[in-house]
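Structure data (CSV, C-alpha atoms and all ligand atoms) from my_file-v6.csv:
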chain,number,residue,atom,x,y,z
A,1,MET,CA,4.3,32.7,-19.4
A,2,GLU,CA,5.0,29.1,-18.7
A,3,LYS,CA,2.3,26.5,-18.4
A,4,ILE,CA,3.8,24.0,-16.0
A,5,VAL,CA,2.8,20.5,-15.1
A,6,ILE,CA,4.4,19.3,-11.9
A,7,LEU,CA,4.2,15.6,-10.9
A,8,SER,CA,5.1,14.8,-7.3
A,9,GLY,CA,5.9,11.6,-5.4
A,10,ALA,CA,6.7,10.4,-1.9
A,11,GLY,CA,10.1,12.3,-1.9
A,12,LEU,CA,8.1,15.6,-1.7
A,13,SER,CA,6.7,14.6,1.7
A,14,ALA,CA,9.7,12.6,3.0
A,15,GLU,CA,11.0,15.5,5.0
A,16,SER,CA,7.6,15.9,6.6
A,17,GLY,CA,8.1,12.5,8.1
A,18,LEU,CA,5.9,10.5,5.8
A,19,GLY,CA,8.6,8.2,4.5
A,20,THR,CA,8.8,6.9,0.9
A,21,PHE,CA,8.0,3.5,-0.7
A,22,ARG,CA,11.2,2.3,-2.2
A,23,ASP,CA,14.0,3.9,-0.3
A,24,GLU,CA,15.8,2.0,2.5
A,25,GLY,CA,13.2,1.3,5.2
A,26,GLY,CA,10.4,2.4,2.8
A,27,LEU,CA,6.9,1.1,3.0
A,28,TRP,CA,7.4,-1.5,0.3
A,29,THR,CA,10.3,-2.8,2.3
A,30,GLN,CA,8.0,-3.3,5.3
A,31,TYR,CA,4.9,-4.6,3.5
A,32,ASP,CA,4.3,-6.7,0.5
A,33,LEU,CA,2.4,-4.3,-1.8
A,34,ALA,CA,0.4,-7.2,-3.1
A,35,ASP,CA,-1.1,-7.6,0.3
A,36,VAL,CA,-2.0,-3.9,1.0
A,37,ALA,CA,-2.1,-2.0,-2.3
A,38,THR,CA,-4.1,-4.3,-4.6
A,39,PRO,CA,-7.8,-5.2,-4.9
A,40,GLU,CA,-6.9,-8.8,-4.5
A,41,GLY,CA,-5.1,-8.1,-1.2
A,42,PHE,CA,-8.1,-6.2,0.0
A,43,ALA,CA,-10.4,-9.1,-0.9
A,44,ARG,CA,-8.1,-11.5,0.9
A,45,ASP,CA,-7.8,-9.6,4.1
A,46,PRO,CA,-9.6,-6.2,4.3
A,47,GLY,CA,-8.8,-5.8,7.9
A,48,LYS,CA,-5.0,-5.9,7.2
A,49,VAL,CA,-5.4,-3.3,4.4
A,50,LEU,CA,-7.6,-1.0,6.5
A,51,ASP,CA,-5.0,-1.2,9.3
A,52,PHE,CA,-2.2,-0.3,6.8
A,53,TYR,CA,-4.1,2.8,5.8
A,54,ASN,CA,-5.2,3.6,9.3
A,55,GLU,CA,-1.6,3.7,10.3
A,56,ARG,CA,-0.6,5.9,7.4
A,57,ARG,CA,-3.6,8.2,8.0
A,58,ALA,CA,-2.5,8.7,11.6
A,59,ASN,CA,1.0,9.4,10.5
A,60,ALA,CA,-0.2,11.9,7.9
A,61,ALA,CA,-2.5,13.6,10.4
A,62,GLY,CA,0.5,14.6,12.5
A,63,ALA,CA,2.6,15.8,9.5
A,64,ARG,CA,3.2,19.4,8.4
A,65,PRO,CA,4.1,20.7,5.0
A,66,ASN,CA,7.8,21.3,4.4
A,67,ALA,CA,9.5,24.1,2.4
A,68,ALA,CA,9.1,22.2,-0.8
A,69,HIS,CA,5.3,22.1,-0.5
A,70,HIS,CA,5.2,25.8,0.3
A,71,ALA,CA,7.4,26.6,-2.7
A,72,LEU,CA,5.2,24.7,-5.1
A,73,VAL,CA,2.2,26.5,-3.7
A,74,ARG,CA,3.9,29.9,-4.2
A,75,LEU,CA,4.6,28.9,-7.8
A,76,GLN,CA,1.0,27.8,-8.3
A,77,HIS,CA,-0.2,31.2,-7.0
A,78,GLU,CA,2.1,33.0,-9.5
A,79,ARG,CA,2.0,30.9,-12.6
A,80,ASP,CA,-0.2,28.5,-14.6
A,81,VAL,CA,0.6,25.3,-12.7
A,82,LEU,CA,-1.2,21.9,-12.6
A,83,LEU,CA,-0.1,20.1,-9.4
A,84,VAL,CA,-0.4,16.3,-10.1
A,85,THR,CA,0.5,14.1,-7.1
A,86,GLN,CA,1.0,10.4,-6.6
A,87,ASN,CA,0.9,11.1,-2.9
A,88,VAL,CA,-2.2,10.3,-0.9
A,89,ASP,CA,-1.4,12.9,1.8
A,90,SER,CA,-2.9,16.4,1.8
A,91,LEU,CA,0.2,18.4,2.6
A,92,LEU,CA,0.0,20.4,-0.6
A,93,GLU,CA,-3.5,21.5,0.5
A,94,ALA,CA,-2.3,22.2,4.0
A,95,ALA,CA,0.3,24.5,2.4
A,96,GLY,CA,-2.4,26.4,0.6
A,97,ALA,CA,-2.5,24.6,-2.8
A,98,ARG,CA,-5.7,24.8,-4.8
A,99,ASP,CA,-7.0,22.1,-7.1
A,100,VAL,CA,-4.4,19.3,-6.5
A,101,LEU,CA,-4.9,16.3,-8.8
A,102,HIS,CA,-4.4,13.3,-6.6
A,103,MET,CA,-4.0,10.6,-9.3
A,104,HIS,CA,-3.6,7.8,-6.8
A,105,GLY,CA,-6.4,9.0,-4.5
A,106,ARG,CA,-6.4,10.4,-1.0
A,107,LEU,CA,-5.9,9.0,2.5
A,108,ASP,CA,-8.5,11.4,3.9
A,109,ARG,CA,-11.3,10.1,1.7
A,110,ALA,CA,-13.2,6.8,1.9
A,111,THR,CA,-15.3,5.2,-0.9
A,112,CYS,CA,-17.9,2.5,-1.2
A,113,ALA,CA,-17.0,-0.5,-3.3
A,114,ALA,CA,-20.7,-1.3,-3.8
A,115,CYS,CA,-22.1,2.1,-4.9
A,116,GLY,CA,-19.1,4.3,-5.5
A,117,ALA,CA,-20.0,7.0,-2.9
A,118,SER,CA,-17.1,8.9,-1.5
A,119,TRP,CA,-16.9,10.8,1.8
A,120,PRO,CA,-14.3,12.1,4.3
A,121,ALA,CA,-12.5,9.1,5.8
A,122,PRO,CA,-12.8,8.6,9.6
A,123,PRO,CA,-9.4,8.5,11.4
A,124,VAL,CA,-9.9,4.7,11.8
A,125,MET,CA,-11.7,2.6,9.2
A,126,SER,CA,-12.9,-0.9,10.1
A,127,VAL,CA,-14.5,-3.8,8.1
A,128,SER,CA,-17.8,-3.3,10.0
A,129,ASP,CA,-18.2,0.3,8.8
A,130,ARG,CA,-21.2,0.8,6.6
A,131,CYS,CA,-21.5,3.1,3.5
A,132,PRO,CA,-23.3,6.3,4.5
A,133,ASP,CA,-25.2,6.2,1.2
A,134,CYS,CA,-26.2,2.6,0.5
A,135,GLY,CA,-25.5,1.0,3.9
A,136,ALA,CA,-23.3,-1.8,2.4
A,137,ARG,CA,-20.4,-3.1,4.5
A,138,ALA,CA,-18.1,-2.3,1.5
A,139,THR,CA,-16.1,0.7,2.6
A,140,ARG,CA,-12.5,1.1,1.5
A,141,PRO,CA,-9.8,3.8,1.4
A,142,ASP,CA,-10.4,6.1,-1.6
A,143,VAL,CA,-6.9,5.3,-3.1
A,144,VAL,CA,-5.8,3.8,-6.4
A,145,TRP,CA,-4.3,0.3,-6.0
A,146,PHE,CA,-2.1,-1.5,-8.5
A,147,GLY,CA,-4.3,-2.7,-11.4
A,148,GLU,CA,-6.8,0.1,-10.8
A,149,MET,CA,-7.3,3.1,-13.1
A,150,PRO,CA,-5.6,6.3,-11.8
A,151,VAL,CA,-7.6,9.5,-11.4
A,152,GLY,CA,-7.7,12.3,-13.9
A,153,LEU,CA,-5.6,10.8,-16.7
A,154,ASP,CA,-7.5,12.6,-19.5
A,155,ARG,CA,-6.9,15.9,-17.7
A,156,ILE,CA,-3.3,15.1,-17.2
A,157,ASP,CA,-2.8,14.1,-20.9
A,158,ALA,CA,-4.5,17.4,-22.0
A,159,ALA,CA,-2.3,19.5,-19.6
A,160,LEU,CA,0.8,17.7,-20.8
A,161,SER,CA,-0.1,18.4,-24.4
A,162,GLN,CA,-0.3,22.2,-23.6
A,163,ALA,CA,2.6,22.3,-21.2
A,164,THR,CA,5.7,24.5,-21.8
A,165,LEU,CA,7.5,22.7,-18.9
A,166,PHE,CA,7.2,19.3,-17.2
A,167,VAL,CA,8.7,18.9,-13.7
A,168,ALA,CA,8.9,15.7,-11.6
A,169,VAL,CA,9.5,16.2,-7.8
A,170,GLY,CA,10.5,13.4,-5.4
A,171,THR,CA,9.5,10.4,-7.5
A,172,SER,CA,11.5,7.3,-8.4
A,173,GLY,CA,9.7,7.0,-11.8
A,174,THR,CA,8.8,3.3,-11.0
A,175,VAL,CA,5.0,3.4,-11.2
A,176,TYR,CA,3.1,3.8,-14.4
A,177,PRO,CA,1.4,5.5,-16.1
A,178,ALA,CA,2.9,8.4,-13.9
A,179,ALA,CA,6.4,7.3,-14.8
A,180,GLY,CA,5.6,7.7,-18.5
A,181,PHE,CA,4.6,11.4,-18.2
A,182,VAL,CA,8.2,12.5,-18.9
A,183,ASP,CA,8.2,10.4,-22.1
A,184,LEU,CA,4.9,12.1,-23.1
A,185,ALA,CA,6.5,15.5,-22.5
A,186,ARG,CA,9.5,14.5,-24.6
A,187,ALA,CA,7.3,13.3,-27.4
A,188,ASN,CA,5.5,16.7,-27.3
A,189,GLY,CA,8.8,18.5,-27.4
A,190,THR,CA,8.2,19.9,-23.8
A,191,PRO,CA,11.3,20.5,-21.7
A,192,SER,CA,11.5,18.4,-18.5
A,193,VAL,CA,13.2,18.9,-15.2
A,194,GLU,CA,13.7,16.4,-12.4
A,195,LEU,CA,14.0,17.7,-8.8
A,196,ASN,CA,15.0,14.7,-6.7
A,197,LEU,CA,17.3,13.4,-4.0
A,198,GLU,CA,19.0,11.3,-6.7
A,199,ALA,CA,18.6,10.8,-10.4
A,200,SER,CA,15.7,8.4,-11.2
A,201,SER,CA,15.5,6.2,-14.3
A,202,GLY,CA,13.5,8.9,-16.2
A,203,VAL,CA,15.1,10.8,-19.1
A,204,PHE,CA,14.9,14.5,-18.2
A,205,ASP,CA,16.4,17.5,-20.0
A,206,ASP,CA,17.6,19.0,-16.7
A,207,GLY,CA,17.9,17.9,-13.1
A,208,ARG,CA,18.5,19.5,-9.6
A,209,TYR,CA,19.5,16.9,-6.9
A,210,GLY,CA,19.3,17.1,-3.2
A,211,PRO,CA,16.6,17.3,-0.4
A,212,ALA,CA,13.3,18.6,-1.8
A,213,SER,CA,13.1,21.2,1.0
A,214,GLU,CA,16.3,22.8,-0.4
A,215,ILE,CA,16.2,22.3,-4.2
A,216,VAL,CA,12.5,23.0,-4.8
A,217,PRO,CA,12.4,26.4,-3.1
A,218,ALA,CA,15.7,27.3,-5.0
A,219,TRP,CA,14.3,26.1,-8.3
A,220,VAL,CA,11.0,28.0,-7.8
A,221,GLY,CA,12.9,31.1,-6.8
A,222,LYS,CA,14.8,30.9,-10.1
A,223,ILE,CA,11.7,30.4,-12.2
A,224,LEU,CA,10.0,33.4,-10.6
A,225,SER,CA,13.1,35.6,-10.8
A,226,ASP,CA,13.7,34.7,-14.4
A,227,ASN,CA,10.1,35.9,-14.9
A,228,ARG,CA,9.4,32.7,-17.0
B,301,LIG,C1,-2.9,0.9,-13.9
B,301,LIG,C2,-1.5,3.4,-3.7
B,301,LIG,C3,-4.5,0.4,-15.7
B,301,LIG,C4,-1.8,4.6,-2.8
B,301,LIG,C5,0.1,3.2,-5.4
B,301,LIG,C6,2.4,0.5,-17.9
B,301,LIG,C7,1.3,1.3,-18.1
B,301,LIG,C8,0.3,1.2,-17.1
B,301,LIG,C9,0.4,0.4,-16.0
B,301,LIG,C10,1.5,-0.3,-15.8
B,301,LIG,C11,2.5,-0.3,-16.8
B,301,LIG,N1,3.5,-1.2,-16.3
B,301,LIG,C12,3.1,-1.7,-15.1
B,301,LIG,C13,1.9,-1.2,-14.8
B,301,LIG,C14,1.1,-1.7,-13.6
B,301,LIG,C15,1.4,-0.8,-12.4
B,301,LIG,C16,2.8,-0.4,-12.2
B,301,LIG,O1,3.2,0.7,-12.6
B,301,LIG,N2,3.6,-1.3,-11.6
B,301,LIG,C17,5.0,-1.0,-11.3
B,301,LIG,C18,5.3,-1.6,-9.9
B,301,LIG,C19,5.8,-1.5,-12.4
B,301,LIG,N3,0.6,0.4,-12.5
B,301,LIG,C20,-0.7,0.3,-12.0
B,301,LIG,O2,-1.2,-0.7,-11.6
B,301,LIG,C21,-1.5,1.6,-12.1
B,301,LIG,N4,-2.8,1.4,-12.7
B,301,LIG,O3,-2.0,0.6,-14.6
B,301,LIG,O4,-4.3,0.8,-14.4
B,301,LIG,C22,-4.0,1.3,-16.7
B,301,LIG,C23,-3.5,0.8,-17.8
B,301,LIG,C24,-3.0,1.7,-18.8
B,301,LIG,C25,-3.1,3.1,-18.6
B,301,LIG,C26,-3.7,3.6,-17.4
B,301,LIG,C27,-4.1,2.7,-16.5
B,301,LIG,C28,-1.8,2.1,-10.6
B,301,LIG,C29,-0.6,2.6,-10.0
B,301,LIG,C30,-1.0,3.2,-8.6
B,301,LIG,C31,-0.7,2.2,-7.5
B,301,LIG,N5,-0.9,2.8,-6.2
B,301,LIG,N6,-0.2,3.5,-4.2
B,301,LIG,C32,-0.9,4.5,-1.7
B,301,LIG,O5,-0.9,3.5,-0.9
B,301,LIG,O6,-0.1,5.4,-1.5
B,301,LIG,S1,1.7,3.3,-6.0
B,301,LIG,C33,2.8,4.0,-5.0
B,301,LIG,O7,4.0,4.3,-5.7
B,301,LIG,C34,2.4,5.3,-4.4
B,301,LIG,O8,1.2,5.9,-5.0
B,301,LIG,C35,3.5,6.2,-4.8
B,301,LIG,O9,3.2,7.5,-4.8
B,301,LIG,C36,3.9,5.6,-6.1
B,301,LIG,C37,5.1,6.1,-6.7
B,301,LIG,O10,6.2,6.0,-5.8
B,301,LIG,P1,7.1,7.3,-5.5
B,301,LIG,O11,6.1,8.4,-5.1
B,301,LIG,O12,7.9,7.6,-6.7
B,301,LIG,O13,7.9,6.9,-4.3
B,301,LIG,P2,9.3,6.0,-4.2
B,301,LIG,O14,9.5,5.6,-2.8
B,301,LIG,O15,9.2,5.0,-5.3
B,301,LIG,O16,10.4,7.1,-4.7
B,301,LIG,C38,10.6,8.2,-3.8
B,301,LIG,C39,11.6,9.1,-4.5
B,301,LIG,O17,11.8,10.3,-3.7
B,301,LIG,C40,13.0,8.5,-4.8
B,301,LIG,O18,13.4,8.8,-6.1
B,301,LIG,C41,13.9,9.1,-3.8
B,301,LIG,O19,15.2,9.3,-4.2
B,301,LIG,C42,13.2,10.5,-3.6
B,301,LIG,N7,13.4,11.1,-2.3
B,301,LIG,C43,13.5,10.5,-1.1
B,301,LIG,N8,13.7,11.5,-0.1
B,301,LIG,C44,13.7,12.7,-0.8
B,301,LIG,C45,13.5,12.5,-2.2
B,301,LIG,N9,13.6,13.4,-3.1
B,301,LIG,C46,13.7,14.7,-2.6
B,301,LIG,N10,13.9,15.0,-1.3
B,301,LIG,C47,13.9,14.0,-0.4
B,301,LIG,N11,14.0,14.3,0.9
Written as structure tokens, how would this file's structure read?
Ligand code: BV8
Amino acid sequence: MEKIVILSGAGLSAESGLGTFRDEGGLWTQYDLADVATPEGFARDPGKVLDFYNERRANAAGARPNAAHHALVRLQHERDVLLVTQNVDSLLEAAGARDVLHMHGRLDRATCAACGASWPAPPVMSVSDRCPDCGARATRPDVVWFGEMPVGLDRIDAALSQATLFVAVGTSGTVYPAAGFVDLARANGTPSVELNLEASSGVFDDGRYGPASEIVPAWVGKILSDNR
């Protein structure tokens, strides 16, 4: 049986209304990522960063999983699958996924920059919030900004070294180290598949292109019918 590592990006949740980062009208065309997705930007203007994530948290709260999320969950229930996501939404969990590895953190969690505590994020975070553990006014979204260490890299490396298949869903392959996972797979001799609206810059052995809500269920159906 296959041991599959699946990396997802914003394209997985695009049809759930959450938008992407680098497509036309994407988040990084509306905001300067240096202002809202770096520790330096947070230090400069924490209120602006909290507002950016409050808006995304509100948007995500109203979103529902699409057919691609449900297809990945079906595959996880039937095969040995590690779901690694760059997405900070919880739509895979909403579709019934277990044990999703959010390598860039989660919108629905907050953390304390002073003591490292983490707790469920309130719908709206403000600079006057205090850490429930240490009381410091140092709360921030529990997400990984540029220049910060992504979550779970050791676990991802170990899974990639054992994988029989690496799949990237809905990611432009722009952000590292996630964008380098396909190269790790190749170096390990692991076949790789890209499921995306259009070909990214990554070098994959195979690709299916179109909206995730169509191509991901079709691909999962083939994997399961081939009894791989
Ligand atoms: C780090 C915060 C130290 C949460 C984000 C080499 C090695 C290591 C680091 C670097 C390196 N080179 C450069 C770096 C630094 C940097 C980096 O990669 N910079 C880029 C800009 C070059 N990386 C870092 O800083 C990382 N940390 O390096 O720590 C270190 C050093 C060594 C080893 C380990 C660690 C931290 C990166 C995390 C930054 N945080 N977000 C948030 O606010 O969400 S990044 C941001 O981009 C999001 O997390 C997002 O998930 C991620 C990736 O974007 P995508 O998901 O791919 O989205 P995008 O819009 O780009 O693409 C969407 C795709 O979907 C497109 O292809 C589109 O065609 C497709 N699509 C659209 N609609 C659909 C669709 N597909 C299917 N169906 C559809 N309907």
Residue with smallest distance to ligand LIG 301 (chain B) - pool A:Asn188, A:Ser90, A:Ser161, A:Thr20, counting all atoms listed in the file: A:Thr20
Check which residues fall inside 6 Å of ligand LIG 301 (chain B) when counting all atoms listed in the file, and print them as an MDAnalysis selection string. chainID A and resid 9:12 14:15 20:23 37 86:88 104 143:150 170:177 196:198 200 211:212
Expected answer as a compact mmCIF listing (two decimals) with C-alpha atoms, in the frame of the given file: all residues with atoms within 6 Å of (3.2, 13.5, 3.5), only C-alpha atoms:
# COMPACT_ATOMS: atom_id res chain seq x y z
CA SER A 13 6.70 14.60 1.70
CA SER A 16 7.60 15.90 6.60
CA LEU A 18 5.90 10.50 5.80
CA ALA A 60 -0.20 11.90 7.90
CA ASP A 89 -1.40 12.90 1.80
CA LEU A 91 0.20 18.40 2.60
Could you name the residues that touch Ile4 of chain A at 12 Å or less, counting all atoms listed in the file, but leaving out those on the same chain fewer than 4 positions away, as a list of chain:residue names?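 My reading of the contact set: A:Leu72, A:Leu75, A:Gln76, A:Glu78, A:Arg79, A:Asp80, A:Val81, A:Leu82, A:Leu83, A:Val84, A:Ile156, A:Ala159, A:Leu160, A:Ser161, A:Gln162, A:Ala163, A:Thr164, A:Leu165, A:Phe166, A:Val167, A:Ala168, A:Ala185, A:Thr190, A:Pro191, A:Ser192, A:Val193, A:Val220, A:Ile223, A:Arg228.
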Can you work out which one of A:Pro46, A:Asn66, A:Asp108, A:Pro123 has the shortest atom-to-atom distance to Ala95 of chain A, counting only C-alpha atoms?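 Distance minimum relative to Ala95 of chain A lands on A:Asn66.
Atom to atom, atom CA of Lys222 of chain A and atom CA of Ala97 of chain A stand 19.8 Å apart.
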What separates atom CA of Gly189 of chain A and atom CA of Gly210 of chain A is a distance of 26.4 Å
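Closest to Ile6 of chain A among A:His102, A:Arg137, A:Arg44, A:Arg56 is A:His102, based on all atoms listed in the file.
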Find the residues near Ala94 of chain A: any atom within 10 Å, counting all atoms listed in the file, skip ones fewer than 6 places away on the same chain, and give them as number ranges by chain. A: 63-65, 69-70, 73
Have a look at A:Gly207, A:Gly47, A:Pro141, A:Gly96 and name the one nearest to Arg109 of chain A; count all atoms listed in the file. A:Pro141
